[in-house]
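Dropping run26.tsv in here (TSV, C-alpha atoms (C1' of nucleotides)):
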```tsv
chain	number	residue	atom	x	y	z
A	2	MET	CA	-39.17	51.21	1.01
A	3	LYS	CA	-38.43	49.95	-2.49
A	4	ALA	CA	-40.40	51.48	-5.27
A	5	MET	CA	-43.22	50.02	-7.29
A	6	ALA	CA	-44.83	46.68	-7.58
A	7	ALA	CA	-43.43	46.30	-11.04
A	8	ALA	CA	-40.01	46.55	-9.48
A	9	ASP	CA	-40.92	43.93	-6.92
A	10	PHE	CA	-41.85	41.65	-9.74
A	11	LYS	CA	-38.30	41.84	-10.96
A	12	ALA	CA	-36.67	41.63	-7.59
A	13	ASN	CA	-35.74	38.06	-7.05
A	14	SER	CA	-33.35	38.37	-4.13
A	15	GLU	CA	-35.90	39.90	-1.83
A	16	ALA	CA	-38.47	37.28	-2.61
A	17	SER	CA	-35.91	34.55	-2.08
A	18	ALA	CA	-34.91	35.83	1.31
A	19	LEU	CA	-38.44	35.85	2.58
A	20	ALA	CA	-39.33	32.59	0.91
A	21	GLU	CA	-36.44	30.92	2.65
A	22	ARG	CA	-37.67	31.85	6.08
A	23	LEU	CA	-41.23	30.97	5.19
A	24	ARG	CA	-40.09	27.55	4.15
A	25	ALA	CA	-38.75	26.96	7.62
A	26	LEU	CA	-42.24	27.66	8.94
A	27	ALA	CA	-44.11	25.73	6.33
A	28	HIS	CA	-44.11	22.40	8.10
A	29	PRO	CA	-46.66	21.30	10.68
A	30	THR	CA	-44.06	19.78	12.97
A	31	ARG	CA	-41.97	22.92	12.98
A	32	LEU	CA	-45.01	25.04	13.68
A	33	ARG	CA	-45.77	22.84	16.62
A	34	ILE	CA	-42.23	23.02	17.88
A	35	LEU	CA	-42.29	26.80	17.66
A	36	THR	CA	-45.57	26.93	19.50
A	37	ALA	CA	-44.19	24.70	22.20
A	38	LEU	CA	-41.06	26.78	22.55
A	39	GLY	CA	-43.07	29.96	22.78
A	40	ALA	CA	-45.46	28.57	25.30
A	41	SER	CA	-43.26	27.24	28.04
A	42	LYS	CA	-39.80	26.77	29.40
A	43	THR	CA	-39.70	23.65	27.32
A	44	CYS	CA	-36.26	24.32	26.07
A	45	GLN	CA	-35.23	20.70	26.34
A	46	CYS	CA	-35.12	18.85	23.06
A	47	GLY	CA	-36.14	15.59	24.69
A	48	GLU	CA	-39.26	17.17	26.03
A	49	ILE	CA	-40.31	18.09	22.55
A	50	VAL	CA	-39.52	14.63	21.31
A	51	ARG	CA	-41.67	13.13	24.02
A	52	ASN	CA	-44.65	15.18	22.86
A	53	LEU	CA	-44.35	14.30	19.22
A	54	PRO	CA	-44.77	10.99	17.43
A	55	LEU	CA	-41.37	11.32	15.81
A	56	ALA	CA	-37.92	9.93	16.28
A	57	GLN	CA	-35.37	11.96	18.17
A	58	SER	CA	-33.23	12.38	15.11
A	59	THR	CA	-36.15	13.76	13.17
A	60	VAL	CA	-36.96	16.36	15.79
A	61	SER	CA	-33.31	17.28	16.01
A	62	GLU	CA	-33.31	17.85	12.28
A	63	HIS	CA	-36.33	20.13	12.49
A	64	LEU	CA	-34.66	22.08	15.25
A	65	ARG	CA	-31.60	22.48	13.07
A	66	ILE	CA	-33.74	23.94	10.30
A	67	LEU	CA	-35.33	26.38	12.70
A	68	LEU	CA	-31.89	27.27	13.98
A	69	GLU	CA	-30.56	27.95	10.51
A	70	ALA	CA	-33.60	30.08	9.76
A	71	GLY	CA	-32.67	32.11	12.82
A	72	LEU	CA	-36.02	31.63	14.48
A	73	VAL	CA	-34.63	29.66	17.36
A	74	ARG	CA	-31.51	29.86	19.45
A	75	GLY	CA	-29.85	26.95	21.14
A	76	GLU	CA	-27.46	26.82	24.04
A	77	THR	CA	-25.63	23.59	24.47
A	78	ALA	CA	-24.85	22.98	28.10
A	79	GLY	CA	-23.10	19.69	28.38
A	80	ALA	CA	-25.06	16.78	27.04
A	81	ARG	CA	-28.29	18.71	26.83
A	82	THR	CA	-29.20	21.63	24.66
A	83	CYS	CA	-31.65	24.30	25.65
A	84	TYR	CA	-33.64	25.73	22.80
A	85	CYS	CA	-35.54	28.91	23.01
A	86	LEU	CA	-37.49	31.06	20.66
A	87	ASP	CA	-35.80	34.11	19.17
A	88	ARG	CA	-38.72	36.43	19.67
A	89	ASN	CA	-37.09	39.27	17.84
A	90	ALA	CA	-36.59	37.13	14.79
A	91	VAL	CA	-40.18	35.97	14.94
A	92	ARG	CA	-41.39	39.54	15.15
A	93	LYS	CA	-39.16	40.58	12.27
A	94	LEU	CA	-40.49	37.76	10.15
A	95	ALA	CA	-44.03	38.81	10.98
A	96	GLU	CA	-43.24	42.35	9.93
A	97	ASP	CA	-41.63	41.32	6.67
A	98	PHE	CA	-44.50	39.02	5.93
A	99	ASP	CA	-47.03	41.72	6.65
A	100	ARG	CA	-45.14	44.09	4.43
A	101	LEU	CA	-45.22	41.63	1.59
A	102	LEU	CA	-48.91	40.95	1.96
A	103	ALA	CA	-49.57	44.64	2.17
A	104	ALA	CA	-47.66	45.13	-1.04
A	105	ILE	CA	-49.57	42.34	-2.69
A	106	GLY	CA	-52.96	43.49	-1.56
A	107	ARG	CA	-52.40	47.20	-1.48
A	108	HIS	CA	-54.92	47.87	-4.22
A	109	GLU	CA	-57.78	47.00	-1.98
A	110	VAL	CA	-56.80	48.94	1.09
A	111	ALA	CA	-56.30	52.06	-0.95
A	112	GLY	CA	-53.32	53.92	0.54
A	113	GLY	CA	-49.67	53.02	0.46
A	114	LYS	CA	-49.36	51.72	3.99
A	115	ALA	CA	-52.10	49.15	4.44
A	116	ARG	CA	-52.65	46.77	7.30
A	117	ARG	CA	-50.21	47.51	10.02
A	118	ALA	CA	-46.76	47.94	8.58
B	15	MET	CA	-60.00	31.24	20.22
B	16	LYS	CA	-58.72	27.81	21.15
B	17	ALA	CA	-57.32	27.47	24.59
B	18	MET	CA	-53.76	27.23	25.76
B	19	ALA	CA	-50.47	26.91	24.05
B	20	ALA	CA	-50.07	23.47	25.50
B	21	ALA	CA	-53.19	22.51	23.62
B	22	ASP	CA	-51.82	24.05	20.46
B	23	PHE	CA	-48.80	21.87	20.88
B	24	LYS	CA	-51.05	18.87	20.56
B	25	ALA	CA	-53.18	20.24	17.78
B	26	ASN	CA	-51.80	18.86	14.61
B	27	SER	CA	-54.65	19.59	12.23
B	28	GLU	CA	-54.53	23.31	12.78
B	29	ALA	CA	-50.81	23.46	12.27
B	30	SER	CA	-51.10	21.37	9.14
B	31	ALA	CA	-53.73	23.60	7.60
B	32	LEU	CA	-51.63	26.70	8.05
B	33	ALA	CA	-48.42	24.99	7.05
B	34	GLU	CA	-50.01	23.90	3.83
B	35	ARG	CA	-50.86	27.43	2.77
B	36	LEU	CA	-47.49	28.70	3.91
B	37	ARG	CA	-45.82	26.14	1.73
B	38	ALA	CA	-47.59	27.61	-1.27
B	39	LEU	CA	-46.01	30.93	-0.42
B	40	ALA	CA	-42.59	29.61	0.42
B	41	HIS	CA	-41.13	29.80	-3.04
B	42	PRO	CA	-39.53	32.87	-4.59
B	43	THR	CA	-41.22	32.42	-7.93
B	44	ARG	CA	-44.64	32.12	-6.37
B	45	LEU	CA	-44.04	35.19	-4.26
B	46	ARG	CA	-43.15	37.07	-7.39
B	47	ILE	CA	-46.21	35.82	-9.20
B	48	LEU	CA	-48.42	36.90	-6.34
B	49	THR	CA	-46.80	40.30	-6.29
B	50	ALA	CA	-47.32	40.66	-9.98
B	51	LEU	CA	-50.95	39.63	-9.74
B	52	GLY	CA	-51.54	42.05	-6.93
B	53	ALA	CA	-49.82	44.89	-8.65
B	54	SER	CA	-51.50	45.09	-12.00
B	55	LYS	CA	-54.16	43.79	-14.30
B	56	THR	CA	-51.62	41.20	-15.33
B	57	CYS	CA	-54.09	38.39	-15.19
B	58	GLN	CA	-52.69	36.82	-18.34
B	59	CYS	CA	-50.50	33.79	-17.74
B	60	GLY	CA	-48.33	34.57	-20.74
B	61	GLU	CA	-47.51	37.96	-19.36
B	62	ILE	CA	-46.14	36.38	-16.23
B	63	VAL	CA	-44.16	33.90	-18.24
B	64	ARG	CA	-42.62	36.68	-20.27
B	65	ASN	CA	-41.38	38.37	-17.12
B	66	LEU	CA	-39.82	35.30	-15.62
B	67	PRO	CA	-36.84	33.23	-16.75
B	68	LEU	CA	-38.90	30.07	-16.66
B	69	ALA	CA	-40.65	27.80	-19.08
B	70	GLN	CA	-44.37	28.23	-19.62
B	71	SER	CA	-45.12	24.83	-18.16
B	72	THR	CA	-43.21	25.71	-15.02
B	73	VAL	CA	-45.14	28.92	-14.49
B	74	SER	CA	-48.38	27.09	-15.15
B	75	GLU	CA	-47.45	24.62	-12.45
B	76	HIS	CA	-46.77	27.38	-9.94
B	77	LEU	CA	-50.11	28.91	-10.79
B	78	ARG	CA	-51.78	25.60	-10.19
B	79	ILE	CA	-50.21	25.41	-6.74
B	80	LEU	CA	-51.41	28.90	-5.92
B	81	LEU	CA	-54.85	27.95	-7.20
B	82	GLU	CA	-55.01	24.85	-5.03
B	83	ALA	CA	-53.91	26.88	-2.04
B	84	GLY	CA	-56.85	29.14	-2.74
B	85	LEU	CA	-54.75	32.27	-2.99
B	86	VAL	CA	-55.51	32.84	-6.64
B	87	ARG	CA	-58.57	32.43	-8.79
B	88	GLY	CA	-58.53	31.66	-12.47
B	89	GLU	CA	-61.15	32.20	-15.10
B	90	THR	CA	-60.60	30.32	-18.29
B	91	ALA	CA	-62.06	32.21	-21.22
B	92	GLY	CA	-61.35	30.33	-24.33
B	93	ALA	CA	-57.73	29.66	-24.97
B	94	ARG	CA	-56.55	32.13	-22.40
B	95	THR	CA	-56.92	32.08	-18.67
B	96	CYS	CA	-57.19	35.18	-16.54
B	97	TYR	CA	-55.66	34.82	-13.11
B	98	CYS	CA	-56.33	37.20	-10.33
B	99	LEU	CA	-55.46	37.41	-6.70
B	100	ASP	CA	-58.04	36.28	-4.18
B	101	ARG	CA	-57.58	39.21	-1.84
B	102	ASN	CA	-59.88	37.79	0.78
B	103	ALA	CA	-57.85	34.61	0.93
B	104	VAL	CA	-54.66	36.61	1.20
B	105	ARG	CA	-56.08	38.63	4.02
B	106	LYS	CA	-57.32	35.54	5.78
B	107	LEU	CA	-53.92	33.95	5.51
B	108	ALA	CA	-52.36	37.08	6.95
B	109	GLU	CA	-54.76	36.96	9.86
B	110	ASP	CA	-54.16	33.30	10.57
B	111	PHE	CA	-50.45	33.83	10.35
B	112	ASP	CA	-50.61	36.78	12.70
B	113	ARG	CA	-52.67	34.76	15.11
B	114	LEU	CA	-50.11	31.98	15.09
B	115	LEU	CA	-47.22	34.33	15.65
B	116	ALA	CA	-49.12	36.06	18.39
B	117	ALA	CA	-49.71	32.72	20.05
B	118	ILE	CA	-46.06	31.86	19.70
B	119	GLY	CA	-44.77	35.14	21.02
B	120	ARG	CA	-47.46	36.05	23.45
B	121	HIS	CA	-45.14	35.81	26.43
B	122	GLU	CA	-43.29	38.91	25.45
B	123	VAL	CA	-46.18	41.21	24.71
B	124	ALA	CA	-47.73	40.38	28.05
B	125	GLY	CA	-51.50	40.14	27.50
B	126	GLY	CA	-53.46	37.54	25.65
B	127	LYS	CA	-54.08	39.48	22.49
B	128	ALA	CA	-50.71	40.66	21.26
B	129	ARG	CA	-49.88	42.26	17.97
B	130	ARG	CA	-53.05	42.95	16.12
B	131	ALA	CA	-55.24	39.89	15.97
C	9	DG	C1'	-13.70	4.39	34.33
C	10	DT	C1'	-18.41	2.59	33.56
C	11	DT	C1'	-22.89	3.53	32.85
C	12	DG	C1'	-26.92	6.12	31.46
C	13	DA	C1'	-28.96	10.01	29.46
C	14	DT	C1'	-29.10	13.56	25.96
C	15	DA	C1'	-28.65	15.23	21.55
C	16	DA	C1'	-26.05	15.83	17.05
C	17	DT	C1'	-24.67	13.53	12.95
C	18	DC	C1'	-24.41	10.01	9.35
C	19	DG	C1'	-26.22	6.97	5.88
C	20	DT	C1'	-30.19	5.26	3.74
C	21	DC	C1'	-34.61	5.15	1.82
C	22	DT	C1'	-38.82	6.97	-0.22
C	23	DA	C1'	-41.67	10.70	-1.68
C	24	DT	C1'	-42.16	15.04	-3.32
C	25	DC	C1'	-40.50	19.35	-5.60
C	26	DG	C1'	-39.07	22.06	-9.36
C	27	DA	C1'	-37.83	22.44	-13.90
C	28	DC	C1'	-38.15	21.14	-18.60
C	29	DG	C1'	-39.80	19.68	-23.41
C	30	DA	C1'	-43.43	17.64	-25.80
C	31	DT	C1'	-48.02	17.04	-26.53
C	32	DG	C1'	-52.88	18.11	-26.57
C	33	DA	C1'	-57.00	20.90	-26.08
C	34	DA	C1'	-59.59	25.22	-26.89
C	35	DC	C1'	-60.21	29.11	-29.25
C	36	DG	C1'	-59.65	33.35	-32.69
C	37	DA	C1'	-58.38	34.62	-37.08
C	38	DT	C1'	-57.99	33.91	-41.86
D	23	DA	C1'	-60.60	23.85	-42.52
D	24	DT	C1'	-56.18	25.28	-41.29
D	25	DC	C1'	-53.05	28.14	-38.65
D	26	DG	C1'	-51.21	30.39	-34.70
D	27	DT	C1'	-51.78	31.43	-29.94
D	28	DT	C1'	-52.53	30.31	-25.27
D	29	DC	C1'	-52.43	27.38	-21.63
D	30	DA	C1'	-52.89	22.74	-19.13
D	31	DT	C1'	-51.13	18.26	-18.72
D	32	DC	C1'	-47.94	14.43	-19.10
D	33	DG	C1'	-43.58	12.06	-18.61
D	34	DT	C1'	-38.97	12.57	-17.26
D	35	DC	C1'	-35.12	13.93	-14.72
D	36	DG	C1'	-32.15	15.52	-10.89
D	37	DA	C1'	-32.28	17.51	-6.45
D	38	DT	C1'	-34.17	18.07	-2.09
D	39	DA	C1'	-37.10	17.00	1.97
D	40	DG	C1'	-38.47	14.17	5.58
D	41	DA	C1'	-38.24	10.24	8.26
D	42	DC	C1'	-35.73	6.58	10.38
D	43	DG	C1'	-32.10	3.64	12.84
D	44	DA	C1'	-27.44	3.49	14.10
D	45	DT	C1'	-23.62	5.69	15.62
D	46	DT	C1'	-20.98	9.13	18.07
D	47	DA	C1'	-19.90	12.81	21.40
D	48	DT	C1'	-20.55	15.00	25.76
D	49	DC	C1'	-21.47	15.11	30.21
D	50	DA	C1'	-23.50	13.71	35.13
D	51	DA	C1'	-23.77	10.26	38.36
D	52	DC	C1'	-21.93	6.60	40.54
```
Rewrite the structure of this file - the entire thing - as structure tokens.
Amino acid sequence: MKAMAAADFKANSEASALAERLRALAHPTRLRILTALGASKTCQCGEIVRNLPLAQSTVSEHLRILLEAGLVRGETAGARTCYCLDRNAVRKLAEDFDRLLAAIGRHEVAGGKARRA
Amino acid sequence: MKAMAAADFKANSEASALAERLRALAHPTRLRILTALGASKTCQCGEIVRNLPLAQSTVSEHLRILLEAGLVRGETAGARTCYCLDRNAVRKLAEDFDRLLAAIGRHEVAGGKARRA
DNA sequence: GTTGATAATCGTCTATCGACGATGAACGAT
DNA sequence: ATCGTTCATCGTCGATAGACGATTATCAAC
């Protein structure tokens, strides 16, 4: 698992990869969409649109961003598209994020593992 | 701990608060700065600047964003400012993030707790 | 084949981001 | 009192984000 924190400081690619996925999450609307997708069978895009004070095109755009971030999968069946959460991707993001925060805060928790890994 | 996911779908303020802090993290440079701050006694701004291919003003701006997000604290002593990680804030962010992801993915892990809380 | 519904895409507009150089403020050293 | 250092702030610039309406494509229903 990498080496030292000093090395992490130099490693740009790793930080970029994580930052990119975080950026997909860092928007209230997208957080709400993810929550909605995780909560129900609400795979329909229109259903999401109906629950948000946003235009259809705007929601579609947010869904595209979540798609490109790999957090959501979409199956287009005819005119309608069914979106669903990629739970593996969400879990992987959670793990990577935890690992980063553990690396950042590892001086407090003492050991080399920290939190949950 | 709130109520149902359907309620979360409606709750904008909560999503906004988390999204705001995530946005502070969602930049490769800021991730690197945080890593550097967590790794060493590198509280000096100039030290960070010297390790990044960016102008001093740019780094200062990133530090300001991290400050406003509450992830970093800065003590100005004379001409130089000593930045250090707010480890409590980092941990709190990690917890909130975990809680969100648990809420999103709770259908897979069965129960109502999930992950680690 | 029309019509209606759904959703992606396009073009546009504004606001914000990210980077920079220049400047200014605060301090230590001489 | 004057430098040199350190850092924040300001103004500028180009690029991107986010929202919207309009348009287009695909399909079901009729």
A:Leu72, A:Ala80, A:Cys46, A:Val60 ranked by distance to A:Ala95, top pick (using only C-alpha atoms): A:Leu72
Pairwise distance for atom CA of A:Val73 and atom CA of A:Arg88, rounded to one decimal in Å: 8.2 Å
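Near D:DA50, within a cut-off of 10 Å and counting all atoms listed in the file, sit the residues A:Gly79, A:Ala80, C:DG12, C:DA13, with same-chain residues fewer than 6 positions away left out.
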All residues 12 Å or closer to C:DT38, only C-alpha atoms (C1' of nucleotides), same chain fewer than 4 positions away omitted, as a PyMOL selection string: chain D and resi 23-26
Point-to-point distance in Å for atom CA of A:Arg24 and atom CA of B:His41: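 Between these atoms lies a distance of 7.6 Å.
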Nearby residues (only C-alpha atoms (C1' of nucleotides)) at most 12 Å from C:DA30, same-chain spacing under 6 positions excluded, as a VMD selection string: (chain B and resid 71) or (chain D and resid 31 to 34)
Closest atom pairs, residues of chain D within 9 Å of chain B, all atoms listed in the file, as CSV:
```
residue,atom,partner,partner_atom,distance
D:DT27,C1',B:Ala93,CA,8.0
D:DT28,C1',B:Ala93,CA,5.2
D:DC29,C1',B:Arg94,CA,6.3
D:DA30,C1',B:Ser74,CA,7.4
D:DT31,C1',B:Ser71,CA,8.9
```
Nearest to chain C by atom-to-atom distance, counting only C-alpha atoms (C1' of nucleotides), from A:Leu94, A:Gly106, A:Val50, A:Gly71: A:Val50
Could you work out an axis-aligned bounding box for all listed atoms of stretch 15-21 of chain C, with 3 Å added on each of the six sides, and give its centre and edge lengths in Å to one decimal, as AutoDock Vina command-line options?
```
--center_x -29.5 --center_y 10.5 --center_z 11.7 --size_x 16.2 --size_y 16.7 --size_z 25.7
```
Who sits within 10 Å of stretch 41-46 of chain D, all atoms listed in the file, same chain under 3 positions skipped, as a VMD selection string: (chain A and resid 55 to 60 62) or (chain C and resid 16 to 22)
